[in-house]
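*Asks:* I'm passing along run_27.pdb; it holds PDB, C-alpha atoms (C1' of nucleotides).
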ATOM      1  CA  MET R   1       0.697  31.824   7.653
ATOM      2  CA  GLY R   2      -1.028  28.699   8.734
ATOM      3  CA  ASN R   3       2.378  27.273   8.021
ATOM      4  CA  ASP R   4       3.351  25.931  11.402
ATOM      5  CA  PRO R   5       1.798  22.512  11.660
ATOM      6  CA  MET R   6       4.411  21.278  14.117
ATOM      7  CA  THR R   7       6.733  23.201  16.369
ATOM      8  CA  LEU R   8      10.298  21.980  16.160
ATOM      9  CA  ALA R   9      11.101  23.260  19.597
ATOM     10  CA  GLY R  10       8.047  21.538  20.948
ATOM     11  CA  THR R  11       9.124  18.264  19.438
ATOM     12  CA  ARG R  12      12.598  18.560  20.848
ATOM     13  CA  GLU R  13      11.203  19.028  24.304
ATOM     14  CA  ARG R  14       8.730  16.289  23.838
ATOM     15  CA  LEU R  15      11.519  13.895  22.930
ATOM     16  CA  ARG R  16      13.755  14.960  25.782
ATOM     17  CA  SER R  17      11.040  14.664  28.334
ATOM     18  CA  ARG R  18      10.715  11.030  27.335
ATOM     19  CA  GLY R  19      14.409  10.336  27.551
ATOM     20  CA  LEU R  20      14.719  10.392  23.771
ATOM     21  CA  ARG R  21      17.299  12.378  21.867
ATOM     22  CA  TRP R  22      17.359  15.342  19.582
ATOM     23  CA  THR R  23      19.752  14.433  16.789
ATOM     24  CA  PRO R  24      20.801  16.230  13.613
ATOM     25  CA  GLN R  25      18.999  13.571  11.595
ATOM     26  CA  ARG R  26      15.778  14.083  13.469
ATOM     27  CA  ARG R  27      16.090  17.802  13.135
ATOM     28  CA  ALA R  28      16.526  17.479   9.378
ATOM     29  CA  ILE R  29      13.506  15.234   9.085
ATOM     30  CA  LEU R  30      11.368  17.572  11.133
ATOM     31  CA  ASP R  31      12.522  20.526   9.074
ATOM     32  CA  VAL R  32      11.553  18.795   5.876
ATOM     33  CA  LEU R  33       8.197  17.756   7.283
ATOM     34  CA  ALA R  34       7.519  21.273   8.484
ATOM     35  CA  ALA R  35       8.066  22.442   4.930
ATOM     36  CA  THR R  36       5.827  19.726   3.545
ATOM     37  CA  ASP R  37       2.318  20.478   2.544
ATOM     38  CA  GLY R  38       0.015  17.514   2.872
ATOM     39  CA  HIS R  39       1.801  14.243   2.368
ATOM     40  CA  ILE R  40       5.175  12.859   1.362
ATOM     41  CA  THR R  41       6.488   9.407   0.592
ATOM     42  CA  SER R  42       9.407   8.095   2.601
ATOM     43  CA  ALA R  43      11.519   8.081  -0.555
ATOM     44  CA  GLU R  44      10.803  11.768  -1.118
ATOM     45  CA  LEU R  45      11.592  12.491   2.470
ATOM     46  CA  VAL R  46      14.918  10.685   2.244
ATOM     47  CA  GLU R  47      15.712  12.574  -0.928
ATOM     48  CA  ARG R  48      14.955  15.959   0.586
ATOM     49  CA  CYS R  49      16.933  15.161   3.696
ATOM     50  CA  ARG R  50      19.880  14.267   1.513
ATOM     51  CA  LEU R  51      19.892  17.756   0.094
ATOM     52  CA  ARG R  52      20.915  18.821   3.535
ATOM     53  CA  ASP R  53      22.918  15.764   4.509
ATOM     54  CA  PRO R  54      23.841  13.380   1.698
ATOM     55  CA  GLU R  55      24.607  10.673   4.244
ATOM     56  CA  THR R  56      20.975  10.342   5.270
ATOM     57  CA  THR R  57      19.931   6.710   5.396
ATOM     58  CA  GLY R  58      16.568   5.179   4.789
ATOM     59  CA  SER R  59      16.459   3.160   7.963
ATOM     60  CA  THR R  60      16.909   6.210  10.138
ATOM     61  CA  VAL R  61      14.214   8.060   8.267
ATOM     62  CA  HIS R  62      11.807   5.167   8.581
ATOM     63  CA  ARG R  63      12.522   4.743  12.248
ATOM     64  CA  THR R  64      12.083   8.426  12.893
ATOM     65  CA  LEU R  65       8.786   8.436  11.055
ATOM     66  CA  ASP R  66       7.604   5.560  13.211
ATOM     67  CA  LEU R  67       8.553   7.571  16.236
ATOM     68  CA  LEU R  68       6.830  10.697  15.001
ATOM     69  CA  GLU R  69       3.730   8.719  14.322
ATOM     70  CA  ARG R  70       3.782   7.419  17.884
ATOM     71  CA  LEU R  71       4.087  11.018  19.008
ATOM     72  CA  GLY R  72       1.086  11.880  16.904
ATOM     73  CA  LEU R  73       2.883  14.267  14.554
ATOM     74  CA  VAL R  74       2.358  12.326  11.350
ATOM     75  CA  ARG R  75       0.110   9.597  10.066
ATOM     76  CA  HIS R  76       0.896   7.017   7.466
ATOM     77  CA  SER R  77      -1.203   5.587   4.703
ATOM     78  CA  HIS R  78      -0.435   3.844   1.441
ATOM     79  CA  GLY R  79      -0.392   5.623  -1.894
ATOM     80  CA  HIS R  80      -1.928   4.267  -5.060
ATOM     81  CA  ASP R  81       1.334   2.408  -5.694
ATOM     82  CA  GLY R  82       1.281   0.881  -2.236
ATOM     83  CA  ARG R  83       4.232   2.802  -0.909
ATOM     84  CA  LEU R  84       4.200   4.439   2.476
ATOM     85  CA  GLU R  85       2.948   7.947   2.496
ATOM     86  CA  TYR R  86       3.209  10.192   5.530
ATOM     87  CA  HIS R  87       0.702  12.915   6.210
ATOM     88  CA  VAL R  88       1.834  15.829   8.257
ATOM     89  CA  LEU R  89      -0.960  16.472  10.662
ATOM     90  CA  PRO R  90      -2.623  19.641   9.474
ATOM     91  CA  SER R  91      -3.546  22.486  11.720
ATOM     92  CA  THR R  92      -6.878  22.778   9.981
ATOM     93  CA  GLU R  93      -8.892  19.671   9.472
ATOM     94  CA  HIS R  94      -9.322  18.798   5.817
ATOM     95  CA  GLY R  95      -9.716  15.893   3.429
ATOM     96  CA  HIS R  96      -8.299  15.139   0.022
ATOM     97  CA  ILE R  97      -9.618  14.542  -3.423
ATOM     98  CA  ILE R  98      -7.347  12.478  -5.641
ATOM     99  CA  CYS R  99      -7.260  12.174  -9.405
ATOM    100  CA  GLU R 100      -7.399   8.507 -10.398
ATOM    101  CA  SER R 101      -5.658   9.284 -13.616
ATOM    102  CA  CYS R 102      -2.694  11.525 -12.779
ATOM    103  CA  GLY R 103      -2.540  11.250  -8.997
ATOM    104  CA  ALA R 104      -2.936  14.959  -8.378
ATOM    105  CA  THR R 105      -4.527  15.877  -5.068
ATOM    106  CA  SER R 106      -6.470  18.833  -3.801
ATOM    107  CA  GLU R 107      -7.612  19.653  -0.345
ATOM    108  CA  ILE R 108     -11.204  19.636   0.731
ATOM    109  CA  GLY R 109     -11.906  22.148   3.435
ATOM    110  CA  PRO R 110     -14.274  21.462   6.310
ATOM    111  CA  ASP R 111     -16.782  23.983   5.003
ATOM    112  CA  ALA R 112     -17.286  22.071   1.792
ATOM    113  CA  VAL R 113     -18.457  18.978   3.568
ATOM    114  CA  ARG R 114     -19.817  20.141   6.888
ATOM    115  CA  GLY R 115     -23.396  19.372   6.003
ATOM    116  CA  LEU R 116     -22.577  15.961   4.688
ATOM    117  CA  VAL R 117     -20.463  15.058   7.667
ATOM    118  CA  ALA R 118     -23.220  15.967  10.069
ATOM    119  CA  ALA R 119     -25.728  13.937   8.085
ATOM    120  CA  LEU R 120     -23.432  10.944   7.831
ATOM    121  CA  GLU R 121     -22.569  11.016  11.508
ATOM    122  CA  GLU R 122     -26.194  10.891  12.403
ATOM    123  CA  GLN R 123     -27.040   8.241   9.872
ATOM    124  CA  SER R 124     -24.078   5.921  10.433
ATOM    125  CA  GLY R 125     -23.403   6.447  14.105
ATOM    126  CA  TYR R 126     -19.737   7.044  13.305
ATOM    127  CA  ARG R 127     -17.805  10.025  14.486
ATOM    128  CA  ILE R 128     -16.120  11.114  11.294
ATOM    129  CA  ASP R 129     -12.463  12.004  11.002
ATOM    130  CA  LEU R 130     -12.275  14.517   8.207
ATOM    131  CA  ASN R 131      -8.518  14.191   7.888
ATOM    132  CA  HIS R 132      -9.012  10.723   6.502
ATOM    133  CA  LEU R 133     -11.619  11.677   3.988
ATOM    134  CA  ALA R 134     -10.362  10.606   0.605
ATOM    135  CA  ILE R 135     -12.427  10.996  -2.504
ATOM    136  CA  ALA R 136     -11.372   9.738  -5.889
ATOM    137  CA  GLY R 137     -12.309  11.175  -9.230
ATOM    138  CA  ILE R 138     -10.922  12.485 -12.459
ATOM    139  CA  CYS R 139      -9.517  15.975 -12.336
ATOM    140  CA  ALA R 140     -10.434  18.705 -14.771
ATOM    141  CA  THR R 141      -7.116  18.476 -16.605
ATOM    142  CA  CYS R 142      -7.368  14.762 -17.230
ATOM    143  CA  ARG R 143     -10.921  14.997 -18.501
TER     144      ARG R 143
ATOM    145  CA  MET Z   1     -31.004 -10.120  -4.374
ATOM    146  CA  GLY Z   2     -28.658  -7.480  -5.600
ATOM    147  CA  ASN Z   3     -26.282 -10.358  -5.367
ATOM    148  CA  ASP Z   4     -25.086 -10.576  -8.920
ATOM    149  CA  PRO Z   5     -22.320  -8.027  -9.271
ATOM    150  CA  MET Z   6     -20.695  -9.840 -12.181
ATOM    151  CA  THR Z   7     -22.070 -12.425 -14.505
ATOM    152  CA  LEU Z   8     -19.743 -15.367 -14.929
ATOM    153  CA  ALA Z   9     -21.175 -16.196 -18.303
ATOM    154  CA  GLY Z  10     -20.736 -12.615 -19.371
ATOM    155  CA  THR Z  11     -17.098 -12.668 -18.366
ATOM    156  CA  ARG Z  12     -16.468 -15.870 -20.219
ATOM    157  CA  GLU Z  13     -17.867 -14.365 -23.369
ATOM    158  CA  ARG Z  14     -15.996 -11.172 -22.826
ATOM    159  CA  LEU Z  15     -12.747 -13.095 -22.602
ATOM    160  CA  ARG Z  16     -13.463 -15.237 -25.607
ATOM    161  CA  SER Z  17     -14.413 -12.337 -27.766
ATOM    162  CA  ARG Z  18     -10.955 -10.940 -27.114
ATOM    163  CA  GLY Z  19      -9.218 -14.153 -27.950
ATOM    164  CA  LEU Z  20      -8.582 -14.827 -24.260
ATOM    165  CA  ARG Z  21      -9.330 -18.099 -22.531
ATOM    166  CA  TRP Z  22     -11.740 -19.388 -20.004
ATOM    167  CA  THR Z  23      -9.745 -21.626 -17.701
ATOM    168  CA  PRO Z  24     -10.635 -23.541 -14.544
ATOM    169  CA  GLN Z  25      -8.430 -21.160 -12.564
ATOM    170  CA  ARG Z  26     -10.220 -18.128 -13.899
ATOM    171  CA  ARG Z  27     -13.537 -19.697 -13.248
ATOM    172  CA  ALA Z  28     -12.575 -20.387  -9.638
ATOM    173  CA  ILE Z  29     -11.388 -16.827  -9.154
ATOM    174  CA  LEU Z  30     -14.560 -15.395 -10.633
ATOM    175  CA  ASP Z  31     -16.680 -17.671  -8.473
ATOM    176  CA  VAL Z  32     -14.908 -16.501  -5.357
ATOM    177  CA  LEU Z  33     -15.204 -12.869  -6.368
ATOM    178  CA  ALA Z  34     -18.889 -13.286  -7.120
ATOM    179  CA  ALA Z  35     -19.340 -14.535  -3.572
ATOM    180  CA  THR Z  36     -17.297 -11.676  -2.161
ATOM    181  CA  ASP Z  37     -18.989  -8.716  -0.637
ATOM    182  CA  GLY Z  38     -16.975  -5.561  -0.908
ATOM    183  CA  HIS Z  39     -13.257  -6.208  -0.964
ATOM    184  CA  ILE Z  40     -10.772  -9.010  -0.595
ATOM    185  CA  THR Z  41      -6.998  -9.183  -0.357
ATOM    186  CA  SER Z  42      -5.120 -11.260  -2.879
ATOM    187  CA  ALA Z  43      -3.994 -13.562  -0.073
ATOM    188  CA  GLU Z  44      -7.604 -14.185   0.939
ATOM    189  CA  LEU Z  45      -8.528 -14.804  -2.638
ATOM    190  CA  VAL Z  46      -5.748 -17.344  -3.056
ATOM    191  CA  GLU Z  47      -6.820 -19.038   0.134
ATOM    192  CA  ARG Z  48     -10.452 -19.305  -0.914
ATOM    193  CA  CYS Z  49      -9.497 -20.563  -4.343
ATOM    194  CA  ARG Z  50      -7.403 -23.248  -2.706
ATOM    195  CA  LEU Z  51     -10.502 -24.586  -0.967
ATOM    196  CA  ARG Z  52     -11.641 -25.525  -4.421
ATOM    197  CA  ASP Z  53      -8.269 -26.290  -5.968
ATOM    198  CA  PRO Z  54      -5.350 -26.651  -3.546
ATOM    199  CA  GLU Z  55      -2.917 -26.185  -6.420
ATOM    200  CA  THR Z  56      -3.912 -22.564  -6.942
ATOM    201  CA  THR Z  57      -0.854 -20.371  -7.273
ATOM    202  CA  GLY Z  58      -0.410 -16.774  -6.318
ATOM    203  CA  SER Z  59       1.024 -15.646  -9.615
ATOM    204  CA  THR Z  60      -1.979 -16.863 -11.554
ATOM    205  CA  VAL Z  61      -4.335 -15.159  -9.151
ATOM    206  CA  HIS Z  62      -2.436 -11.908  -9.374
ATOM    207  CA  ARG Z  63      -2.287 -12.047 -13.130
ATOM    208  CA  THR Z  64      -5.966 -12.810 -13.366
ATOM    209  CA  LEU Z  65      -6.787  -9.922 -11.078
ATOM    210  CA  ASP Z  66      -4.750  -7.630 -13.309
ATOM    211  CA  LEU Z  67      -6.748  -8.880 -16.234
ATOM    212  CA  LEU Z  68     -10.074  -8.444 -14.473
ATOM    213  CA  GLU Z  69      -9.082  -4.950 -13.547
ATOM    214  CA  ARG Z  70      -8.348  -4.184 -17.188
ATOM    215  CA  LEU Z  71     -11.783  -5.569 -17.997
ATOM    216  CA  GLY Z  72     -13.254  -3.257 -15.398
ATOM    217  CA  LEU Z  73     -14.603  -5.975 -13.117
ATOM    218  CA  VAL Z  74     -12.496  -5.171 -10.075
ATOM    219  CA  ARG Z  75     -10.469  -2.297  -8.758
ATOM    220  CA  HIS Z  76      -7.440  -2.462  -6.552
ATOM    221  CA  SER Z  77      -6.372  -0.296  -3.675
ATOM    222  CA  HIS Z  78      -4.048  -0.789  -0.728
ATOM    223  CA  GLY Z  79      -5.247  -1.757   2.718
ATOM    224  CA  HIS Z  80      -3.974  -0.188   5.915
ATOM    225  CA  ASP Z  81      -1.131  -2.694   5.895
ATOM    226  CA  GLY Z  82      -0.190  -1.804   2.345
ATOM    227  CA  ARG Z  83      -1.291  -5.055   0.816
ATOM    228  CA  LEU Z  84      -3.296  -5.212  -2.351
ATOM    229  CA  GLU Z  85      -6.995  -5.188  -1.860
ATOM    230  CA  TYR Z  86      -9.442  -5.854  -4.658
ATOM    231  CA  HIS Z  87     -12.878  -4.331  -4.723
ATOM    232  CA  VAL Z  88     -15.533  -6.141  -6.621
ATOM    233  CA  LEU Z  89     -17.323  -3.496  -8.582
ATOM    234  CA  PRO Z  90     -20.754  -3.129  -7.056
ATOM    235  CA  SER Z  91     -23.899  -2.939  -9.092
ATOM    236  CA  THR Z  92     -24.987   0.128  -7.189
ATOM    237  CA  GLU Z  93     -22.495   2.887  -6.727
ATOM    238  CA  HIS Z  94     -21.588   3.382  -3.103
ATOM    239  CA  GLY Z  95     -18.778   4.421  -0.815
ATOM    240  CA  HIS Z  96     -17.510   3.105   2.472
ATOM    241  CA  ILE Z  97     -17.088   4.382   5.965
ATOM    242  CA  ILE Z  98     -14.390   2.643   7.967
ATOM    243  CA  CYS Z  99     -13.871   2.486  11.705
ATOM    244  CA  GLU Z 100     -10.328   3.527  12.567
ATOM    245  CA  SER Z 101     -10.481   1.512  15.721
ATOM    246  CA  CYS Z 102     -11.932  -1.869  14.806
ATOM    247  CA  GLY Z 103     -11.807  -1.796  11.021
ATOM    248  CA  ALA Z 104     -15.532  -2.350  10.554
ATOM    249  CA  THR Z 105     -16.966  -0.940   7.371
ATOM    250  CA  SER Z 106     -20.388   0.211   6.341
ATOM    251  CA  GLU Z 107     -21.664   1.233   2.993
ATOM    252  CA  ILE Z 108     -22.628   4.734   2.121
ATOM    253  CA  GLY Z 109     -25.357   4.884  -0.451
ATOM    254  CA  PRO Z 110     -25.432   7.469  -3.219
ATOM    255  CA  ASP Z 111     -28.397   9.233  -1.685
ATOM    256  CA  ALA Z 112     -26.514  10.058   1.472
ATOM    257  CA  VAL Z 113     -23.888  12.003  -0.368
ATOM    258  CA  ARG Z 114     -25.535  13.214  -3.518
ATOM    259  CA  GLY Z 115     -25.557  16.806  -2.384
ATOM    260  CA  LEU Z 116     -21.958  16.739  -1.300
ATOM    261  CA  VAL Z 117     -20.803  15.112  -4.491
ATOM    262  CA  ALA Z 118     -22.516  17.704  -6.627
ATOM    263  CA  ALA Z 119     -21.037  20.526  -4.573
ATOM    264  CA  LEU Z 120     -17.563  19.034  -4.626
ATOM    265  CA  GLU Z 121     -17.638  18.361  -8.338
ATOM    266  CA  GLU Z 122     -18.470  21.951  -9.004
ATOM    267  CA  GLN Z 123     -15.948  23.291  -6.560
ATOM    268  CA  SER Z 124     -13.007  21.070  -7.430
ATOM    269  CA  GLY Z 125     -13.575  20.427 -11.111
ATOM    270  CA  TYR Z 126     -13.192  16.694 -10.505
ATOM    271  CA  ARG Z 127     -15.662  14.136 -11.688
ATOM    272  CA  ILE Z 128     -16.134  12.120  -8.538
ATOM    273  CA  ASP Z 129     -16.073   8.358  -8.403
ATOM    274  CA  LEU Z 130     -18.311   7.441  -5.533
ATOM    275  CA  ASN Z 131     -17.029   3.891  -5.402
ATOM    276  CA  HIS Z 132     -13.750   5.212  -4.130
ATOM    277  CA  LEU Z 133     -15.221   7.362  -1.443
ATOM    278  CA  ALA Z 134     -13.695   6.288   1.827
ATOM    279  CA  ILE Z 135     -14.450   8.057   5.049
ATOM    280  CA  ALA Z 136     -12.765   7.228   8.319
ATOM    281  CA  GLY Z 137     -14.216   7.630  11.743
ATOM    282  CA  ILE Z 138     -14.982   5.828  14.959
ATOM    283  CA  CYS Z 139     -18.005   3.581  14.896
ATOM    284  CA  ALA Z 140     -20.760   3.676  17.475
ATOM    285  CA  THR Z 141     -19.594   0.458  19.123
ATOM    286  CA  CYS Z 142     -16.036   1.629  19.624
ATOM    287  CA  ARG Z 143     -17.126   4.935  21.098
TER     288      ARG Z 143
ATOM    289  C1'  DT E   1      29.196   7.203  31.489
ATOM    290  C1'  DT E   2      25.414   4.902  29.244
ATOM    291  C1'  DA E   3      21.478   4.032  26.914
ATOM    292  C1'  DA E   4      19.465   5.905  22.666
ATOM    293  C1'  DA E   5      20.296   6.549  17.792
ATOM    294  C1'  DT E   6      22.659   5.680  13.692
ATOM    295  C1'  DG E   7      24.426   3.195   9.542
ATOM    296  C1'  DC E   8      25.196  -0.694   7.247
ATOM    297  C1'  DA E   9      23.913  -4.839   5.418
ATOM    298  C1'  DA E  10      21.028  -8.615   5.546
ATOM    299  C1'  DA E  11      16.413 -10.349   6.146
ATOM    300  C1'  DG E  12      11.417 -10.012   5.209
ATOM    301  C1'  DG E  13       7.068 -10.004   2.888
ATOM    302  C1'  DG E  14       4.213  -9.114  -0.748
ATOM    303  C1'  DT E  15       4.085  -8.602  -5.772
ATOM    304  C1'  DT E  16       5.988  -9.252 -10.345
ATOM    305  C1'  DT E  17       8.462 -11.561 -13.995
ATOM    306  C1'  DG E  18      11.054 -15.060 -17.109
ATOM    307  C1'  DC E  19      10.580 -19.185 -19.049
ATOM    308  C1'  DA E  20       9.426 -23.973 -20.105
ATOM    309  C1'  DC E  21       5.427 -26.612 -20.220
ATOM    310  C1'  DC E  22       0.405 -27.156 -20.573
ATOM    311  C1'  DG E  23      -3.997 -26.892 -22.653
ATOM    312  C1'  DG E  24      -8.256 -24.160 -24.481
ATOM    313  C1'  DA E  25     -10.256 -23.142 -28.896
TER     314       DA E  25
ATOM    315  C1'  DT S   1      -1.908 -26.690 -34.240
ATOM    316  C1'  DC S   2      -1.276 -22.237 -32.004
ATOM    317  C1'  DC S   3      -0.976 -18.880 -28.952
ATOM    318  C1'  DG S   4      -2.617 -17.702 -24.321
ATOM    319  C1'  DG S   5      -2.286 -19.431 -19.500
ATOM    320  C1'  DT S   6      -0.135 -21.714 -15.795
ATOM    321  C1'  DG S   7       3.298 -22.937 -12.313
ATOM    322  C1'  DC S   8       7.572 -22.598 -10.482
ATOM    323  C1'  DA S   9      11.277 -20.087  -8.861
ATOM    324  C1'  DA S  10      13.919 -16.197  -9.039
ATOM    325  C1'  DA S  11      13.858 -11.284  -9.167
ATOM    326  C1'  DC S  12      12.107  -6.966  -7.333
ATOM    327  C1'  DC S  13      10.935  -3.225  -4.381
ATOM    328  C1'  DC S  14      10.165  -1.182  -0.374
ATOM    329  C1'  DT S  15      10.332  -1.714   4.543
ATOM    330  C1'  DT S  16      12.088  -3.737   8.720
ATOM    331  C1'  DT S  17      15.584  -5.686  11.674
ATOM    332  C1'  DG S  18      20.175  -7.157  13.941
ATOM    333  C1'  DC S  19      24.193  -5.562  15.484
ATOM    334  C1'  DA S  20      28.415  -2.982  16.050
ATOM    335  C1'  DT S  21      29.529   1.831  16.435
ATOM    336  C1'  DT S  22      28.578   6.559  17.443
ATOM    337  C1'  DT S  23      26.809  10.183  20.235
ATOM    338  C1'  DA S  24      23.454  13.109  22.968
ATOM    339  C1'  DA S  25      22.795  14.140  27.568
TER     340       DA S  25
END
Write out the structure in this file as structure tokens.
*Replies:*
Amino acid sequence: MGNDPMTLAGTRERLRSRGLRWTPQRRAILDVLAATDGHITSAELVERCRLRDPETTGSTVHRTLDLLERLGLVRHSHGHDGRLEYHVLPSTEHGHIICESCGATSEIGPDAVRGLVAALEEQSGYRIDLNHLAIAGICATCR
Amino acid sequence: MGNDPMTLAGTRERLRSRGLRWTPQRRAILDVLAATDGHITSAELVERCRLRDPETTGSTVHRTLDLLERLGLVRHSHGHDGRLEYHVLPSTEHGHIICESCGATSEIGPDAVRGLVAALEEQSGYRIDLNHLAIAGICATCR
DNA sequence: TTAAATGCAAAGGGTTTGCACCGGA
DNA sequence: TCCGGTGCAAACCCTTTGCATTTAA
């Protein structure tokens, strides 16, 4: 449940309607992304695609991710090591809290920060995008 | 006022007490950082150092930044383009709110988020580092 | 058929590293 | 003098790009 952040069929149609093609590689990438919770580096994505098709190449994966980002299905950022990290757009808006020590992440639901967001929006004049909320700290285990 | 995030003299002593050296290059880098508000990419830092000494090299700047990070004077992260970005540690703890459209940033003071931070710390078990709080949104001008 | 997509390999761009020389303390 | 720092250039790593080939439609 709550496990359907992107519809494969919908993507296929979306591609076709733009004259783009639905290939086995793209299907594999979408499958992996659909099974991804939160974010994934391109290297991880390549690796998981190779479980299905060992011939998967990095350039195709990168190009497909660019495409998916243009379609609005994923968003990229850069991890603590500077590598590309793709976030599967979540069905429910949420932020992340990241451990500075071990890199573990947890989600922050909208409820936890609703009051703050309202206050900040008023104070700063910004309209806040909760999906890009990233808070750093030290997790319980590392402390 | 509030414009003295790192004392040059203090850094010099800190280095010396560890058997490390106070060089013209390090002095230039510290001077530039002291005049930096918020964050700076390593390329910008190199460029500004070259205004003072055109011979400044990237490797020295990078190595010095590593050192300063170990000393706790700066912190690195990765900008939207993936390049290294160094944050001069502020005297007063604060976070940032960033416009997704134009890239403008504003500071978020501790007061604005105190309640949230307390709630999140309890809920997540993390000890939150407010200096790494980054919130994305669309600023008033871009809306 | 035909333009999009792929795969390979090479190019890019920023960061890091090895090493000989330099220079604070 | 002695070790840490510097500068240069090469090495690295990940990402992007050019181009010939494959393939979805």
*Asks:* List the residues matched by the PyMOL selection byres ((chain Z) within 10 of (chain S)) in the displayed structure as a ChimeraX atom specification, ordered by chain and then by residue number.
*Replies:* /Z:19-23,25-26,55-60,63-64
*Asks:* Residue by residue, what does the PyMOL selection byres ((chain Z) within 12 of (chain R)) grab here? Present the result as a PyMOL selection string.
*Replies:* chain Z and resi 75-85+94-102+104-143
*Asks:* Expressed in Å to a single decimal, how great is the separation between CA of Val46 (chain R) and C1' of DG13 (chain E)?
*Replies:*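 Computing the Euclidean distance for CA of Val46 (chain R) and C1' of DG13 (chain E) yields 22.1 Å.
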*Asks:* For CA of Leu45 (chain Z) and CA of Asp66 (chain Z), quote the distance in Å rounded to one decimal.
*Replies:*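 Computed distance, CA of Leu45 (chain Z) to CA of Asp66 (chain Z), equals 13.4 Å.
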*Asks:* For this structure, which residues satisfy the selection - the PyMOL selection byres ((chain E) within 8 of (chain R)) - when it is evaluated on the file as given? I want them as a list of chain:residue names.
*Replies:* E:DA4, E:DA5, E:DT6, E:DG7
*Asks:* Grab the CA of Thr11 (chain R) to CA of His87 (chain R) distance for me, in Å with one decimal place.
*Replies:*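 We find that CA of Thr11 (chain R) and CA of His87 (chain R) lie 16.6 Å from each other.
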*Asks:* Kindly compute an axis-aligned box around the listed atoms of region 124-127 of chain R, allowing 6 Å on each side, and express its centre and edge lengths in Å to one decimal as JSON.
*Replies:*
{"center_x": -20.9, "center_y": 8.0, "center_z": 12.5, "size_x": 18.3, "size_y": 16.1, "size_z": 16.1}
